[in-house]
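J.: What follows is final-v6.pdb, PDB, C-alpha atoms and all ligand atoms.
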```pdb
MODEL        1
ATOM      1  CA  MET A   1     -21.018   5.218   5.638
ATOM      2  CA  SER A   2     -20.689   5.718   1.912
ATOM      3  CA  THR A   3     -17.744   4.352  -0.016
ATOM      4  CA  SER A   4     -18.105   6.344  -3.170
ATOM      5  CA  ASP A   5     -18.559   9.978  -2.132
ATOM      6  CA  GLN A   6     -15.739  12.394  -2.861
ATOM      7  CA  ALA A   7     -12.646  12.329  -0.698
ATOM      8  CA  SER A   8     -10.538  15.406  -0.013
ATOM      9  CA  TYR A   9      -7.509  16.477   1.995
ATOM     10  CA  GLU A  10      -9.918  17.194   4.870
ATOM     11  CA  ASP A  11     -10.438  13.443   5.154
ATOM     12  CA  VAL A  12      -6.671  12.893   5.402
ATOM     13  CA  LEU A  13      -6.489  15.530   8.128
ATOM     14  CA  MET A  14      -9.287  13.866  10.081
ATOM     15  CA  ALA A  15      -7.600  10.495   9.613
ATOM     16  CA  ALA A  16      -4.354  11.900  11.013
ATOM     17  CA  HIS A  17      -6.294  13.023  14.084
ATOM     18  CA  THR A  18      -7.931   9.610  14.483
ATOM     19  CA  LEU A  19      -4.589   7.838  14.082
ATOM     20  CA  ARG A  20      -2.458  10.175  16.194
ATOM     21  CA  ASN A  21      -2.019   7.803  19.122
ATOM     22  CA  VAL A  22      -2.166   4.466  17.328
ATOM     23  CA  VAL A  23       0.134   4.560  14.301
ATOM     24  CA  LEU A  24       3.888   4.784  14.481
ATOM     25  CA  ARG A  25       5.479   7.859  12.990
ATOM     26  CA  THR A  26       7.789   5.875  10.725
ATOM     27  CA  PRO A  27      11.296   7.150   9.998
ATOM     28  CA  VAL A  28      12.450   8.914   6.836
ATOM     29  CA  LEU A  29      15.811   7.363   5.941
ATOM     30  CA  SER A  30      18.425   8.165   3.349
ATOM     31  CA  SER A  31      21.590   6.651   1.941
ATOM     32  CA  ARG A  32      24.638   8.828   1.472
ATOM     33  CA  SER A  33      26.160   6.467  -1.070
ATOM     34  CA  LEU A  34      22.963   6.353  -3.125
ATOM     35  CA  ASN A  35      22.683  10.148  -3.079
ATOM     36  CA  GLU A  36      26.291  10.461  -4.226
ATOM     37  CA  GLN A  37      25.895   7.834  -6.901
ATOM     38  CA  TYR A  38      22.965   9.646  -8.517
ATOM     39  CA  ASP A  39      23.765  13.216  -7.499
ATOM     40  CA  ALA A  40      20.276  13.542  -5.990
ATOM     41  CA  GLN A  41      18.679  13.402  -2.553
ATOM     42  CA  PHE A  42      16.419  10.433  -1.849
ATOM     43  CA  PHE A  43      14.085  10.415   1.156
ATOM     44  CA  PHE A  44      12.634   6.985   1.983
ATOM     45  CA  LYS A  45       9.439   7.001   4.068
ATOM     46  CA  CYS A  46       9.703   3.601   5.726
ATOM     47  CA  GLU A  47       6.230   2.122   6.225
ATOM     48  CA  ASN A  48       7.857  -1.309   6.389
ATOM     49  CA  PHE A  49       8.394  -0.285  10.024
ATOM     50  CA  GLN A  50       4.684   0.522  10.551
ATOM     51  CA  ARG A  51       2.561  -1.704  12.799
ATOM     52  CA  ILE A  52       1.760  -4.998  10.992
ATOM     53  CA  GLY A  53       4.719  -4.192   8.729
ATOM     54  CA  ALA A  54       2.893  -2.051   6.174
ATOM     55  CA  PHE A  55       0.990   1.238   5.722
ATOM     56  CA  LYS A  56      -2.310  -0.701   5.539
ATOM     57  CA  PHE A  57      -2.800  -0.376   9.286
ATOM     58  CA  ARG A  58      -3.447   3.350   8.762
ATOM     59  CA  GLY A  59      -6.421   2.880   6.443
ATOM     60  CA  GLY A  60      -7.746  -0.164   8.254
ATOM     61  CA  PHE A  61      -7.847   1.525  11.641
ATOM     62  CA  ASN A  62      -9.274   4.743  10.226
ATOM     63  CA  ALA A  63     -12.135   2.882   8.525
ATOM     64  CA  LEU A  64     -13.003   0.879  11.638
ATOM     65  CA  ALA A  65     -12.869   3.956  13.852
ATOM     66  CA  GLN A  66     -15.700   5.540  11.803
ATOM     67  CA  LEU A  67     -18.163   2.715  12.420
ATOM     68  CA  SER A  68     -21.285   3.223  14.504
ATOM     69  CA  ASP A  69     -21.711   1.377  17.806
ATOM     70  CA  GLU A  70     -24.126  -0.992  16.093
ATOM     71  CA  GLN A  71     -21.694  -1.772  13.311
ATOM     72  CA  ARG A  72     -18.922  -2.353  15.830
ATOM     73  CA  LYS A  73     -21.091  -4.734  17.784
ATOM     74  CA  ALA A  74     -21.935  -6.751  14.667
ATOM     75  CA  GLY A  75     -18.323  -7.006  13.499
ATOM     76  CA  VAL A  76     -16.372  -6.462  10.293
ATOM     77  CA  LEU A  77     -15.215  -8.551   7.374
ATOM     78  CA  ALA A  78     -12.250  -8.276   5.017
ATOM     79  CA  TYR A  79     -11.108 -10.542   2.217
ATOM     80  CA  SER A  80      -7.372 -10.610   1.739
ATOM     81  CA  SER A  81      -4.453 -12.946   2.198
ATOM     82  CA  GLY A  82      -2.106 -10.061   2.628
ATOM     83  CA  ASN A  83      -1.403  -6.933   4.595
ATOM     84  CA  HIS A  84      -4.987  -5.660   4.588
ATOM     85  CA  ALA A  85      -6.121  -8.763   6.491
ATOM     86  CA  GLN A  86      -3.612  -8.157   9.233
ATOM     87  CA  ALA A  87      -4.396  -4.451   9.302
ATOM     88  CA  VAL A  88      -8.113  -5.058   9.799
ATOM     89  CA  ALA A  89      -7.465  -7.831  12.331
ATOM     90  CA  LEU A  90      -5.211  -5.646  14.490
ATOM     91  CA  ALA A  91      -7.422  -2.555  14.192
ATOM     92  CA  ALA A  92     -10.429  -4.665  15.180
ATOM     93  CA  ARG A  93      -8.659  -6.017  18.235
ATOM     94  CA  LEU A  94      -7.624  -2.543  19.361
ATOM     95  CA  LEU A  95     -11.193  -1.273  18.971
ATOM     96  CA  GLY A  96     -12.836  -4.337  20.534
ATOM     97  CA  VAL A  97     -14.515  -5.406  17.289
ATOM     98  CA  GLN A  98     -14.785  -9.001  16.018
ATOM     99  CA  ALA A  99     -13.102  -9.393  12.610
ATOM    100  CA  THR A 100     -13.779 -12.125  10.074
ATOM    101  CA  ILE A 101     -11.123 -12.560   7.394
ATOM    102  CA  VAL A 102     -11.872 -14.527   4.229
ATOM    103  CA  MET A 103      -8.581 -16.031   3.120
ATOM    104  CA  ASN A 104      -7.579 -18.515   0.419
ATOM    105  CA  SER A 105      -6.713 -21.895   1.915
ATOM    106  CA  ASP A 106      -3.277 -21.866   0.240
ATOM    107  CA  ALA A 107      -2.264 -18.501   1.780
ATOM    108  CA  PRO A 108       1.140 -18.648   3.529
ATOM    109  CA  ALA A 109       0.799 -20.280   6.946
ATOM    110  CA  ALA A 110       2.604 -17.360   8.591
ATOM    111  CA  LYS A 111      -0.027 -14.922   7.324
ATOM    112  CA  LYS A 112      -2.867 -17.064   8.568
ATOM    113  CA  GLN A 113      -1.172 -17.468  11.953
ATOM    114  CA  ALA A 114      -0.585 -13.740  12.287
ATOM    115  CA  THR A 115      -4.230 -13.014  11.492
ATOM    116  CA  LEU A 116      -5.452 -15.600  14.012
ATOM    117  CA  ALA A 117      -3.064 -14.245  16.618
ATOM    118  CA  TYR A 118      -4.798 -10.855  16.381
ATOM    119  CA  GLY A 119      -7.999 -12.618  17.401
ATOM    120  CA  ALA A 120      -9.697 -12.642  14.013
ATOM    121  CA  GLU A 121     -11.780 -15.512  12.695
ATOM    122  CA  VAL A 122     -10.340 -16.902   9.469
ATOM    123  CA  VAL A 123     -12.769 -18.348   6.923
ATOM    124  CA  GLU A 124     -10.890 -20.294   4.277
ATOM    125  CA  TYR A 125     -11.950 -20.831   0.689
ATOM    126  CA  ASP A 126     -10.612 -22.703  -2.294
ATOM    127  CA  ARG A 127      -9.131 -20.111  -4.640
ATOM    128  CA  LEU A 128      -9.574 -22.300  -7.708
ATOM    129  CA  ARG A 129     -13.116 -23.463  -7.064
ATOM    130  CA  GLN A 130     -14.844 -20.764  -5.021
ATOM    131  CA  ASP A 131     -15.531 -17.065  -5.491
ATOM    132  CA  ARG A 132     -14.370 -15.091  -2.456
ATOM    133  CA  MET A 133     -16.707 -12.188  -3.166
ATOM    134  CA  GLN A 134     -19.649 -14.540  -3.010
ATOM    135  CA  ILE A 135     -18.453 -16.023   0.280
ATOM    136  CA  ALA A 136     -17.806 -12.580   1.696
ATOM    137  CA  ASN A 137     -21.198 -11.254   0.620
ATOM    138  CA  GLN A 138     -22.940 -14.245   2.124
ATOM    139  CA  LEU A 139     -21.203 -13.738   5.477
ATOM    140  CA  VAL A 140     -21.982 -10.029   5.390
ATOM    141  CA  ALA A 141     -25.657 -10.792   4.807
ATOM    142  CA  GLU A 142     -25.923 -13.655   7.309
ATOM    143  CA  ARG A 143     -24.063 -12.010  10.157
ATOM    144  CA  GLY A 144     -24.718  -8.331   9.484
ATOM    145  CA  LEU A 145     -20.998  -7.633   9.145
ATOM    146  CA  THR A 146     -19.551  -4.461   7.649
ATOM    147  CA  LEU A 147     -17.224  -5.053   4.722
ATOM    148  CA  ILE A 148     -13.928  -3.147   4.902
ATOM    149  CA  PRO A 149     -12.555  -2.981   1.354
ATOM    150  CA  PRO A 150      -8.772  -2.831   0.833
ATOM    151  CA  PHE A 151      -8.655   0.372  -1.249
ATOM    152  CA  GLY A 152     -11.953   1.555  -2.747
ATOM    153  CA  HIS A 153     -13.171   3.378   0.344
ATOM    154  CA  LYS A 154     -12.889   6.997   1.443
ATOM    155  CA  HIS A 155     -11.720   6.357   5.003
ATOM    156  CA  VAL A 156      -9.274   3.669   3.921
ATOM    157  CA  LEU A 157      -7.532   5.868   1.367
ATOM    158  CA  ALA A 158      -7.611   8.885   3.692
ATOM    159  CA  GLY A 159      -5.825   6.807   6.336
ATOM    160  CA  GLN A 160      -3.183   5.713   3.840
ATOM    161  CA  GLY A 161      -2.616   9.358   2.890
ATOM    162  CA  THR A 162      -1.393  10.151   6.398
ATOM    163  CA  ALA A 163       1.922   8.434   5.511
ATOM    164  CA  ALA A 164       2.585  11.053   2.836
ATOM    165  CA  LYS A 165       1.318  13.819   5.115
ATOM    166  CA  GLU A 166       4.029  12.912   7.620
ATOM    167  CA  LEU A 167       6.673  12.842   4.881
ATOM    168  CA  PHE A 168       5.656  16.240   3.459
ATOM    169  CA  GLU A 169       5.661  17.786   6.925
ATOM    170  CA  GLU A 170       9.101  16.406   7.690
ATOM    171  CA  VAL A 171      10.849  16.971   4.340
ATOM    172  CA  PRO A 172      10.212  20.322   2.647
ATOM    173  CA  ASP A 173      10.340  21.067  -1.076
ATOM    174  CA  LEU A 174      10.236  17.604  -2.609
ATOM    175  CA  ASP A 175      10.453  17.665  -6.404
ATOM    176  CA  GLU A 176       8.980  14.195  -6.825
ATOM    177  CA  LEU A 177       7.294  11.414  -4.869
ATOM    178  CA  TYR A 178       7.149   7.753  -5.992
ATOM    179  CA  VAL A 179       4.344   5.581  -4.600
ATOM    180  CA  PRO A 180       3.613   1.825  -5.026
ATOM    181  CA  LEU A 181       0.288   1.222  -6.761
ATOM    182  CA  GLY A 182      -2.138  -1.692  -6.593
ATOM    183  CA  GLY A 183      -5.788  -0.708  -6.213
ATOM    184  CA  GLY A 184      -4.769   2.888  -5.610
ATOM    185  CA  GLY A 185      -5.734   3.501  -1.979
ATOM    186  CA  LEU A 186      -2.209   4.482  -1.011
ATOM    187  CA  LEU A 187      -1.599   6.560  -4.131
ATOM    188  CA  SER A 188      -4.873   8.470  -3.930
ATOM    189  CA  GLY A 189      -4.325   9.278  -0.252
ATOM    190  CA  CYS A 190      -0.788  10.472  -1.037
ATOM    191  CA  LEU A 191      -2.116  12.596  -3.920
ATOM    192  CA  LEU A 192      -4.615  14.326  -1.640
ATOM    193  CA  ALA A 193      -1.823  15.072   0.838
ATOM    194  CA  ALA A 194       0.473  16.379  -1.912
ATOM    195  CA  SER A 195      -2.222  18.569  -3.469
ATOM    196  CA  SER A 196      -2.554  20.452  -0.215
ATOM    197  CA  LEU A 197       0.892  20.301   1.386
ATOM    198  CA  GLN A 198       3.328  20.365  -1.557
ATOM    199  CA  PRO A 199       1.356  21.007  -4.751
ATOM    200  CA  ALA A 200       4.563  21.510  -6.762
ATOM    201  CA  CYS A 201       5.708  17.971  -6.010
ATOM    202  CA  LYS A 202       5.167  15.599  -8.953
ATOM    203  CA  VAL A 203       3.620  12.386  -7.673
ATOM    204  CA  TYR A 204       4.157   9.131  -9.605
ATOM    205  CA  GLY A 205       2.280   5.860  -9.136
ATOM    206  CA  VAL A 206       4.339   2.727  -9.789
ATOM    207  CA  GLU A 207       2.901  -0.631 -10.864
ATOM    208  CA  PRO A 208       4.479  -3.977 -11.742
ATOM    209  CA  GLU A 209       4.921  -4.263 -15.522
ATOM    210  CA  ALA A 210       2.599  -7.260 -15.573
ATOM    211  CA  ALA A 211      -0.145  -5.447 -13.639
ATOM    212  CA  ASN A 212      -0.341  -2.072 -15.396
ATOM    213  CA  ASP A 213      -4.119  -1.739 -15.295
ATOM    214  CA  ALA A 214      -3.923   1.787 -13.842
ATOM    215  CA  GLN A 215      -1.574   2.943 -16.586
ATOM    216  CA  GLN A 216      -4.003   1.542 -19.159
ATOM    217  CA  SER A 217      -6.953   3.110 -17.352
ATOM    218  CA  LEU A 218      -5.375   6.559 -17.456
ATOM    219  CA  ARG A 219      -4.554   6.233 -21.139
ATOM    220  CA  GLN A 220      -8.058   5.100 -22.028
ATOM    221  CA  GLY A 221      -9.906   7.449 -19.689
ATOM    222  CA  HIS A 222     -11.908   4.707 -17.990
ATOM    223  CA  ILE A 223     -11.214   1.891 -15.543
ATOM    224  CA  VAL A 224      -9.558  -1.020 -17.350
ATOM    225  CA  GLN A 225      -9.758  -4.490 -15.810
ATOM    226  CA  ILE A 226      -6.934  -6.914 -16.605
ATOM    227  CA  ALA A 227      -6.658 -10.709 -16.266
ATOM    228  CA  PRO A 228      -5.139 -11.834 -12.927
ATOM    229  CA  PRO A 229      -1.470 -10.843 -13.325
ATOM    230  CA  SER A 230       1.666 -12.581 -12.131
ATOM    231  CA  SER A 231       4.559 -10.739 -10.442
ATOM    232  CA  ILE A 232       6.628 -11.046  -7.275
ATOM    233  CA  ALA A 233       4.932  -7.806  -6.155
ATOM    234  CA  ASP A 234       2.108  -9.740  -4.504
ATOM    235  CA  GLY A 235       0.640  -6.654  -2.814
ATOM    236  CA  ALA A 236      -0.046  -4.964  -6.157
ATOM    237  CA  LEU A 237      -1.750  -7.718  -8.139
ATOM    238  CA  THR A 238      -5.152  -6.064  -8.230
ATOM    239  CA  VAL A 239      -7.004  -6.326 -11.523
ATOM    240  CA  SER A 240      -8.517  -2.830 -11.508
ATOM    241  CA  LEU A 241      -8.765   0.466  -9.673
ATOM    242  CA  ALA A 242     -11.937   1.413  -7.789
ATOM    243  CA  PRO A 243     -14.070   4.345  -8.991
ATOM    244  CA  ILE A 244     -13.046   6.514  -6.036
ATOM    245  CA  THR A 245      -9.297   5.876  -6.472
ATOM    246  CA  PHE A 246      -9.470   6.242 -10.262
ATOM    247  CA  ASP A 247     -11.111   9.672  -9.948
ATOM    248  CA  ILE A 248      -8.446  10.998  -7.565
ATOM    249  CA  ILE A 249      -5.544   9.483  -9.501
ATOM    250  CA  ARG A 250      -6.832  10.832 -12.807
ATOM    251  CA  GLN A 251      -7.141  14.290 -11.325
ATOM    252  CA  TYR A 252      -3.792  14.628  -9.555
ATOM    253  CA  VAL A 253      -1.176  12.073 -10.640
ATOM    254  CA  HIS A 254       1.802  13.213 -12.711
ATOM    255  CA  ALA A 255       2.295   9.828 -14.405
ATOM    256  CA  ILE A 256       2.067   6.089 -13.855
ATOM    257  CA  LEU A 257       5.295   4.132 -14.314
ATOM    258  CA  THR A 258       6.012   0.403 -14.368
ATOM    259  CA  VAL A 259       8.982  -1.686 -13.252
ATOM    260  CA  SER A 260      10.047  -5.305 -13.814
ATOM    261  CA  ASP A 261      10.447  -8.037 -11.211
ATOM    262  CA  GLU A 262      14.208  -7.876 -11.806
ATOM    263  CA  GLN A 263      14.269  -4.202 -10.900
ATOM    264  CA  LEU A 264      12.318  -4.969  -7.710
ATOM    265  CA  LEU A 265      14.792  -7.650  -6.664
ATOM    266  CA  GLU A 266      17.716  -5.360  -7.360
ATOM    267  CA  ARG A 267      16.205  -2.736  -5.051
ATOM    268  CA  GLN A 268      15.358  -5.320  -2.412
ATOM    269  CA  ARG A 269      18.998  -6.427  -2.360
ATOM    270  CA  PHE A 270      20.127  -2.816  -2.140
ATOM    271  CA  PHE A 271      17.898  -2.137   0.890
ATOM    272  CA  LEU A 272      19.127  -5.275   2.622
ATOM    273  CA  GLU A 273      22.786  -4.848   1.854
ATOM    274  CA  ARG A 274      23.248  -1.102   2.059
ATOM    275  CA  MET A 275      20.470   0.171   4.312
ATOM    276  CA  LYS A 276      20.141  -2.945   6.500
ATOM    277  CA  MET A 277      16.413  -3.178   6.101
ATOM    278  CA  LEU A 278      13.948  -5.725   4.815
ATOM    279  CA  VAL A 279      11.450  -4.523   2.204
ATOM    280  CA  GLU A 280       8.956  -6.815   0.459
ATOM    281  CA  PRO A 281       9.039  -6.750  -3.365
ATOM    282  CA  THR A 282       5.838  -4.659  -3.565
ATOM    283  CA  GLY A 283       7.427  -2.194  -1.165
ATOM    284  CA  CYS A 284      10.276  -1.654  -3.645
ATOM    285  CA  LEU A 285       8.056  -0.431  -6.528
ATOM    286  CA  GLY A 286       8.529   3.290  -5.857
ATOM    287  CA  ALA A 287      12.248   3.003  -5.241
ATOM    288  CA  ALA A 288      12.832   0.933  -8.386
ATOM    289  CA  ALA A 289      11.078   3.523 -10.548
ATOM    290  CA  ALA A 290      12.775   6.483  -8.872
ATOM    291  CA  ILE A 291      16.221   4.995  -9.530
ATOM    292  CA  ALA A 292      15.331   4.216 -13.149
ATOM    293  CA  GLN A 293      14.214   7.767 -13.984
ATOM    294  CA  PRO A 294      16.644   9.394 -16.413
ATOM    295  CA  GLU A 295      16.621  12.921 -14.951
ATOM    296  CA  ARG A 296      17.463  12.937 -11.270
ATOM    297  CA  LYS A 297      20.376  15.336 -10.975
ATOM    298  CA  GLY A 298      20.021  17.761  -8.068
ATOM    299  CA  LYS A 299      16.462  16.695  -7.266
ATOM    300  CA  ARG A 300      14.861  16.027  -3.908
ATOM    301  CA  ILE A 301      13.048  12.732  -4.365
ATOM    302  CA  GLY A 302      10.566  11.197  -1.931
ATOM    303  CA  VAL A 303       9.988   7.443  -2.063
ATOM    304  CA  LEU A 304       7.265   5.610  -0.222
ATOM    305  CA  ILE A 305       8.388   2.196   0.992
ATOM    306  CA  SER A 306       5.054   0.515   1.544
ATOM    307  CA  GLY A 307       5.803  -2.710   3.423
ATOM    308  CA  GLY A 308       8.252  -5.305   4.654
ATOM    309  CA  ASN A 309       6.271  -8.523   5.029
ATOM    310  CA  ILE A 310       7.876 -11.448   3.292
ATOM    311  CA  ASP A 311       8.181 -15.111   4.088
ATOM    312  CA  LEU A 312      11.838 -15.885   4.891
ATOM    313  CA  HIS A 313      11.904 -18.952   2.640
ATOM    314  CA  THR A 314      10.696 -16.830  -0.238
ATOM    315  CA  LEU A 315      13.290 -14.197   0.570
ATOM    316  CA  ALA A 316      16.038 -16.823   0.623
ATOM    317  CA  SER A 317      14.979 -18.110  -2.787
ATOM    318  CA  TYR A 318      15.020 -14.551  -4.206
ATOM    319  CA  ILE A 319      18.475 -13.884  -2.871
ATOM    320  CA  SER A 320      19.997 -17.143  -4.048
ATOM    321  CA  GLY A 321      17.849 -17.704  -7.135
ATOM    322  CA  PRO A 322      18.664 -16.816 -10.745
ATOM    323  CA  LEU A 323      16.948 -13.418 -10.516
ATOM    324  CA  GLY A 324      18.798 -12.455  -7.355
ATOM    325  CA  ALA A 325      22.247 -13.787  -8.224
ATOM    326  CA  ARG A 326      24.361 -11.135  -9.849
TER     327      ARG A 326
HETATM  328  C1  LIG A 401      -1.620  -3.078  -0.456
HETATM  329  C2  LIG A 401      -0.195  -2.764  -0.719
HETATM  330  C3  LIG A 401       0.201  -1.928  -1.782
HETATM  331  C4  LIG A 401      -0.783  -1.333  -2.767
HETATM  332  O1  LIG A 401      -1.695  -0.459  -2.130
HETATM  333  P1  LIG A 401      -3.033  -0.015  -2.855
HETATM  334  O2  LIG A 401      -3.708   0.886  -1.908
HETATM  335  O3  LIG A 401      -3.827  -1.253  -3.157
HETATM  336  O4  LIG A 401      -2.625   0.657  -4.134
HETATM  337  C5  LIG A 401       1.543  -1.627  -1.919
HETATM  338  N1  LIG A 401       2.470  -2.151  -1.080
HETATM  339  C6  LIG A 401       2.137  -2.963  -0.059
HETATM  340  C7  LIG A 401       3.218  -3.481   0.814
HETATM  341  C8  LIG A 401       0.795  -3.305   0.163
HETATM  342  O5  LIG A 401       0.469  -4.121   1.173
ENDMDL
END
```
Using structure tokens, write down the structure from this file.

T.:
Amino acid sequence: MSTSDQASYEDVLMAAHTLRNVVLRTPVLSSRSLNEQYDAQFFFKCENFQRIGAFKFRGGFNALAQLSDEQRKAGVLAYSSGNHAQAVALAARLLGVQATIVMNSDAPAAKKQATLAYGAEVVEYDRLRQDRMQIANQLVAERGLTLIPPFGHKHVLAGQGTAAKELFEEVPDLDELYVPLGGGGLLSGCLLAASSLQPACKVYGVEPEAANDAQQSLRQGHIVQIAPPSSIADGALTVSLAPITFDIIRQYVHAILTVSDEQLLERQRFFLERMKMLVEPTGCLGAAAAIAQPERKGKRIGVLISGGNIDLHTLASYISGPLGAR
């Protein structure tokens, strides 16, 4: 299985077939008051309601489903403290594969518990003193595991693209689509879906202001790596795109936008208060940018809500803290 060969819409189609009986077809929701306020139509594709609480289950399952019998027998490895870990752990359990997850020892206890509950083995490391890549590579070599990367992988990004495929099939004639952007697996999958299903739709990738490596990469024409950024959008703190996601994004994206942590919290409050749903800060990236765009009048605007996993203590501090109080 190669991770760097070209991906196309065919791969998204095959992923949709692989995933047809395992992923949830998440709802597309809208808000009448929001549409009236901005004189536009917003369509929210709610992957916060996907299994494991984020779209990552799509790519994780699709990647594991492609493995040979031998690879399945040997097991898989992922390094992540976030949604990718849970995605790989659940996919592995469903396919009868042993998963090893390399996780920083200070990861939230709830995330570690969830990963263990799916039957994965958790290998902890000290984020400040140890290099997780080195630990991962050593385990891969020692145990013959297959590494499942979080975004730079054809079958991962093709799986993520099935979320946009569902949206495009359900909602015709979108003018724009706004997609959260970290390492670019979700965005590149969505771009492949758009290029085939609604080529007139302008697709935007949205990063946290503090983690705008993709925006810089597009401007400079090569992959730019940034220092580890800090933002409440913890699912989009990657330091660079992968070659395979950069190539697709460069080819198809309309533009890359950024939003501030304040804008994310404002959207999170809106989703809670007005739409009665919990979205993690990273999941609000697309919505925050869509609302901030100056020209919305009369448009049909798709927004990908990527996930809803957030520790309740953290949520409480956001709602009552200085950023949330308004
Ligand atoms: C991983 C993740 C992202 C970013 O996805 P990439 O494929 O890395 O760009 C966005 N939102 C949530 C909730 C995530 O878990």

J.: Would you mind listing the residues within 7 Å of ligand LIG 401 (chain A), counting only C-alpha atoms and all ligand atoms, as a PyMOL selection string?

T.: chain A and resi 54+56+82-84+150-151+180-187+235-236+280+282-283+306-308

J.: Please indicate the distance in Å from atom CA of Val97 of chain A to atom CA of Ile305 of chain A, rounded to one decimal place.

T.: 29.1 Å

J.: What does the PyMOL selection byres (((chain A and resi 50) around 10) and not hetatm) select in this file, as an MDAnalysis selection string?

T.: chainID A and resid 23:27 46:49 51:58 163 306:308

J.: Got a sec: who's within 7 Å of Tyr9 of chain A, counting all atoms listed in the file, leaving out chain neighbours fewer than 5 positions off, as a ChimeraX atom specification?

T.: /A:192-193,196

J.: Just checking: using all atoms listed in the file, which residue out of A:Val179, A:Leu191, A:Val171, A:Ile244 ends up closest to Ser30 of chain A?

T.: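 Of all the options, A:Val171 lies closest to Ser30 of chain A.
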
J.: Rounded to one decimal place, report the atom CA of Leu265 of chain A-atom CA of Gly161 of chain A distance in Å.

T.: 26.1 Å

J.: Using all atoms listed in the file, which residue out of A:Ile248, A:Gly221, A:Ile291, A:Ser105 lies closest to Glu266 of chain A?

T.: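 For Glu266 of chain A, the nearest of the given residues is A:Ile291.
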
J.: If the PyMOL selection byres (((chain A and resi 204-217) around 8) and not hetatm) were run on this exact file, what residues would it hold? Put them as a ChimeraX atom specification.

T.: /A:176-182,187,202-203,218-226,229-231,233,236-241,246,253-261,285-286,289

J.: Taking all atoms listed in the file into account, name the residue in A:Ile301, A:Leu64, A:Ala15, A:Ala158 that is nearest to Asp173 of chain A.

T.: A:Ile301

J.: Smallest atom-to-atom distance to Tyr79 of chain A: which of A:Asn309, A:Gln160, A:Thr100, A:Thr115, using only C-alpha atoms?

T.: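 Answer, going by the shortest atom-to-atom distance: A:Thr100.
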
J.: Of the candidates A:Gly59, A:Pro172, A:Gly321, A:Gly144, which one gets nearest to Ser188 of chain A if we count all atoms listed in the file?

T.: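 Between A:Gly59, A:Pro172, A:Gly321, A:Gly144, the residue approaching Ser188 of chain A most closely is A:Gly59.
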
J.: Smallest atom-to-atom distance to Gln66 of chain A: which of A:Val156, A:Ala290, A:Met133, A:Leu272, using all atoms listed in the file?

T.: A:Val156

J.: Between atom CA of Leu77 of chain A and atom CA of Glu142 of chain A, what is the distance in Å, rounded to a tenth?

T.: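 Atom CA of Glu142 of chain A lies 11.9 Å from atom CA of Leu77 of chain A.
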
J.: Might you pull out every residue within 12 Å of Arg32 of chain A, with all atoms listed in the file counted and same-chain residues fewer than 3 positions away left off, and present them as an NGL selection string?

T.: :A and (29 or 35-43 or 274-275)

J.: Expanded to explicit residues, what is the PyMOL selection byres (((chain A and resi 95) around 12) and not hetatm) for this file, as a list of chain:residue names?

T.: A:Val22, A:Gly60, A:Phe61, A:Asn62, A:Ala63, A:Leu64, A:Ala65, A:Gln66, A:Leu67, A:Ser68, A:Asp69, A:Gln71, A:Arg72, A:Lys73, A:Gly75, A:Val76, A:Val88, A:Ala89, A:Leu90, A:Ala91, A:Ala92, A:Arg93, A:Leu94, A:Gly96, A:Val97, A:Gln98, A:Ala99, A:Tyr118, A:Gly119

J.: Go ahead and fit an axis-aligned box to every listed atom of segment 32-37 of chain A plus 4 Å each side, and pass me the centre and edge lengths in Å, one decimal, as AutoDock Vina command-line options.

T.:
```
--center_x 24.5 --center_y 8.4 --center_z -2.7 --size_x 11.6 --size_y 12.1 --size_z 16.4
```
